[in-house]
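Working notes, beginning with the structure itself.
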Amino acid sequence: MKRPLNDPVYALPLFGRARVVSQGTELRVSRKGLALLYYLALEGPTSRGRLADLLYGHGSALQNLRVELHRLSQALGREVFPKGQDPLGLPSWLKLETLGHGEVLEGLEDVGGLWEWVQEVRTRYEAVPGLSCRQELLRELSPLRPPFLLVLRGRLGAGQRQLAQELARVLGLAFHQSLRPEGLVYLESPYPQVPLRELLRSKAFLVLSLDPGEEPRFFLELRAHYPPERMRVLELSPLPWLEARQGLLAGYGFQQAARAYFLAGGQPEWIPEWLVSASFPQRLLAQLRLQARWLSEPARVALERLSVAFGPIPEQVLDALGALPYLEELERKGWLVYGEGYGFAKEAERRFFYSALPEGRRRELHERAATALALAGHNQEEALHRKALGEGYEGLLGPRLRQALFGEGRVWERRGLGRELALLVQAGQGVFPLGQGFGLALLEPTDRVHLDFASLEEEAVLELVGEAYAPQDSWGLLLALRGAWGERYIRLEGAFAHRMLLPPGPFRLRFSGLGVAEFSLRAHRIGRGGGRLALDKGLVEVWNLAAKKGEEVPKQGEEKGKDQGGSNGDVYL
């Protein structure tokens with residue numbers, strides 16, 4: 001079948017040596033001719049005067065440009081630019097090939113006055129950590145074609161620019177960070193002041209980066225007038241732990257990888273910074289504080305004060321820290337969210353603000369918060385502030401948290417392990433399969449995940465083996481085991497191995513707190529070998545979950561936890 005004349009049959013490879021390729025054959029084109037073609041491919045239609053100045057920069061520049069245009073037509077075997085065309089535009093049968101390897105625009109840096117432009121283009125397309133992220137999303141977006149408007153809503157570190165850059169590669173489009181008539185145009189605040197009709201007529205693939213909080217007028221006008229079939233708004237959530245482990249964190253040990261992932265809040269741009277930083281990366285802190293400058297000064301100061309509070313913030317603490325008058329502004333600008341109370345939108349951002357507080361100011365704020373909580377009778381919330389102050393706090397904890405942190409009320413027995421039993425997962429939320437086991441990541445204090453298992457027909461020993469990371473300034477990563485016998489609690493930290501004696505019946509594993517974990521689960525029958533212990537796996541120490549010796553009845557413990565820890569009895573970390 002004959003190829004239509006308007007099909008692109010000549011390629012300009014962006015990576016590696018600059019050249020024109022047609023059907024696998026490289027054509028002989030001068031370096032100035034190549035520079036001209038690449039400039040038009042990357043920057044769009046350009047006036048003859050501008051091109052002449054860039055390539056030659058002297059009085060005879062326009063005459064030299066005309067000669068170069070004639071040479072290009074001879075080299076490519078067809079007319080490239082119609083006579084009298086101004087500005088010059090790349091013909092449809094010439095295309096930029098954005099897939100490949102090597103240095104961008106290799107060999108064009110010394111042509112005319114293009115050195116700075118070549119460096120700027122290389123910066124646009126440089127390999128940025130995180131480009132291998134969100135591959136599933138890229139596959140989902142790959143069928144889209146310009147003209148189109150894609151809005152990427154995300155917080156600092158979400159990687160909007162990197163995603164747009166990689167999308168340009170996938171779609172085979174030139175990547176721009178200013179308005180162009182074609183290619184992929186990435187725009188972020190402050191947005192360009194151009195008439196709306198020009199954007200609506202654009203043939204480019206527009207990618208708009210949108211910060212959390214109030215929606216700017218630029219976005220609202222586009223959304224109100226852009227054809228719905230040519231527009232899509234996406235919320236960029238944190239990178240899943242599994243995807244980060246297979247990409248950005250591949251090759252790193254669990255503790256180093258989990259630390260970087262947790263402290264970055266799962267944000268792909270922040271993870272590499274935390275991998276190489278022993279303390280809070282100052283560049284990221286500067287970005288965050290710069291964005292907070294859009295707040296009124298009293299609201300910004302209130303936000304910094306609130307960084308001493310973990311999870312949902314009781315009203316007494318909001319009042320004690322002088323934040324009540326500014327809650328509306330902080331919520332409207334996206335820094336606080338309201339769920340079970342006001343709290344930081346992202347725990348990772350709270351930690352940055354907390355790190356910037358001077359030590360004396362930090363202690364004063366913790367003391368104010370602890371006093372307010374003590375007067376209100378919120379003992380468990382007060383305990384975390386007392387812990388931060390280096391004061392005694394154990395007596396303020398509810399029984400569930402004491403059991404998790406200090407192992408109170410555990411009854412140990414020695415049992416033999418028989419053959420392995422099958423564990424059937426009936427339902428779950430937030431826990432994902434990981435090789436031979438499971439993984440989970442709790443990045444926010446209000447996150448809750450669980451696994452529900454089918455009934456065990458007989459008494460069995462459950463083995464939970466794995467590794468966990470949790471920040472030291474929290475209660476950690478907690479596991480609650482629930483069955484017909486009640487509920488028991490464990491703190492998961494470092495490399496762990498727990499064996500628990502489960503009575504017959506269904507059971508649930510519920511995880512709360514902050515941290516990242518990977519673990520495997522096995523269940524074994526109780527060894528029945530009598531004197532023939534060789535038939536079993538030997539005697540091991542197990543925790544008898546159903547035993548009541550030395551501990552409160554579960555219901556009583558739950559009620560006491562509600563009285564001491566707040567209105568709903570949950571453990572906020």
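Residues in the structure tokens are numbered from 1 in each chain, the chains being A, B, ... in the order shown, and ligands are numbered from 1 in the order shown.
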Open item on the list: Going by DSSP on the backbone, which residues of stretch 21-76 of chain A come out as strand (DSSP E or B)? List them as a list in words.
Closed with: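 Taking stretch 21-76 of chain A and keeping strand (DSSP E or B) only, one gets Val21, Ser22, Thr25, Glu26, Leu27 and Thr46 of chain A.
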What does the file look like for those residues with N, CA and C atoms, as a short mmCIF file (atom, residue, chain, number, x, y, z; two decimals), in the first residue's frame?
```
data_model
loop_
_atom_site.label_atom_id
_atom_site.label_comp_id
_atom_site.auth_asym_id
_atom_site.auth_seq_id
_atom_site.Cartn_x
_atom_site.Cartn_y
_atom_site.Cartn_z
N VAL A 21 16.48 11.09 9.66
CA VAL A 21 16.44 9.68 9.24
C VAL A 21 15.15 9.44 8.45
N SER A 22 15.28 8.78 7.32
CA SER A 22 14.12 8.41 6.52
C SER A 22 14.19 6.93 6.17
N THR A 25 17.44 5.26 6.88
CA THR A 25 18.63 5.81 6.23
C THR A 25 18.86 7.24 6.69
N GLU A 26 20.09 7.55 7.08
CA GLU A 26 20.42 8.91 7.50
C GLU A 26 20.71 9.77 6.28
N LEU A 27 20.11 10.96 6.24
CA LEU A 27 20.31 11.89 5.13
C LEU A 27 21.41 12.89 5.48
N THR A 46 8.44 29.81 13.97
CA THR A 46 9.37 30.88 14.37
C THR A 46 9.64 31.79 13.17
#
```
- [ ] For stretch 312-321 of chain A, please output as number ranges by chain all residues within 12 Å (counting only C-alpha atoms; exclusion window: fewer than 3 positions along the same chain).
- [x] A: 298-299, 301-309, 324-327, 336-347, 361-362, 364-382, 385, 444-447, 565-567, 570-573
Which residues are near stretch 489-498 of chain A? Cut-off 9 Å, only C-alpha atoms, ignore same chain within fewer than 5 positions. Put them as a tab-separated table (two decimals) with C-alpha atoms, in the first residue's frame.
```tsv
chain	number	residue	atom	x	y	z
A	255	GLN	CA	14.81	-0.22	56.59
A	400	ARG	CA	-4.78	-1.57	74.76
A	401	LEU	CA	-1.83	0.72	74.14
A	402	ARG	CA	-0.04	-0.51	77.26
A	403	GLN	CA	-0.45	-4.07	76.03
A	404	ALA	CA	0.96	-3.15	72.61
A	405	LEU	CA	3.90	-1.13	73.92
A	406	PHE	CA	4.84	-3.06	77.04
A	407	GLY	CA	3.29	-6.50	76.56
A	462	LEU	CA	-0.20	-18.28	63.91
A	463	GLU	CA	3.33	-17.20	62.92
A	464	LEU	CA	3.82	-13.60	61.89
A	465	VAL	CA	7.35	-12.93	60.60
A	466	GLY	CA	8.60	-9.81	58.89
A	467	GLU	CA	10.14	-6.38	59.19
A	468	ALA	CA	8.66	-3.00	60.08
A	469	TYR	CA	9.71	0.63	60.07
A	470	ALA	CA	7.99	3.21	62.27
A	475	TRP	CA	3.55	4.94	69.21
A	476	GLY	CA	4.69	2.99	66.17
A	477	LEU	CA	2.92	0.45	64.00
A	478	LEU	CA	0.28	-1.48	65.95
A	479	LEU	CA	-1.37	-4.80	65.17
A	480	ALA	CA	-4.70	-5.75	66.72
A	481	LEU	CA	-5.73	-9.43	66.54
A	482	ARG	CA	-9.46	-9.85	66.88
A	517	ALA	CA	5.77	-3.36	57.05
A	519	PHE	CA	5.43	-9.86	56.57
A	542	VAL	CA	3.57	-18.93	71.92
A	543	TRP	CA	1.28	-16.20	73.23
```
- [ ] Just the alpha helix (DSSP H) stuff from stretch 105-321 of chain A, please, per backbone DSSP, written as JSON, numbers by chain.
- [x] {"A": [115, 116, 117, 118, 119, 120, 121, 122, 123, 124, 125, 135, 136, 137, 138, 139, 140, 141, 160, 161, 162, 163, 164, 165, 166, 167, 168, 169, 170, 171, 196, 197, 198, 199, 200, 217, 218, 219, 220, 221, 222, 223, 224, 225, 241, 242, 243, 244, 245, 246, 254, 255, 256, 257, 258, 259, 260, 261, 262, 263, 271, 272, 273, 274, 275, 282, 283, 284, 285, 286, 287, 288, 289, 290, 291, 292, 297, 298, 299, 300, 301, 302, 303, 304, 305, 306, 315, 316, 317, 318, 319, 320]}
Task: Distance query A:Leu423 at most 10 Å, only C-alpha atoms, self and fewer than 6 positions along chain excluded, as a VMD selection string - done: chain A and resid 453 to 456 462 521 to 524
TODO: Pick out the residues sitting within 10 Å of A:Val118, and hand them over as a list in words; count only C-alpha atoms, and ignore anything fewer than 6 positions along from it in its own chain.
DONE: Ala35, Tyr39, Val104, Leu105, Glu106, Gly107, Leu108, Glu109, Asp110, Val111 and Arg124 of chain A
Open item on the list: Residues near A:Glu458, anyone? I mean within 10 Å using only C-alpha atoms, not counting same-chain ones fewer than 4 positions away, as a list of chain:residue names.
Closed with: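 Result of the neighbour search: A:Leu421, A:Leu502, A:Pro503, A:Pro504, A:Gly505, A:Arg525, A:Ile526.
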Open item on the list: Using only C-alpha atoms, which protein or nucleic acid residues come within 9 Å of A:Leu210? Drop anything in the same chain fewer than 4 positions from it, and give the result as a count of residues only.
Closed with: 11
TODO: Select, from A:Gln426, A:Leu263, A:Gly486, A:Arg332, the residue with the minimum atom-to-atom distance to A:Leu442, counting only C-alpha atoms.
DONE: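 Counting only C-alpha atoms, the residue closest to A:Leu442 is A:Leu263.
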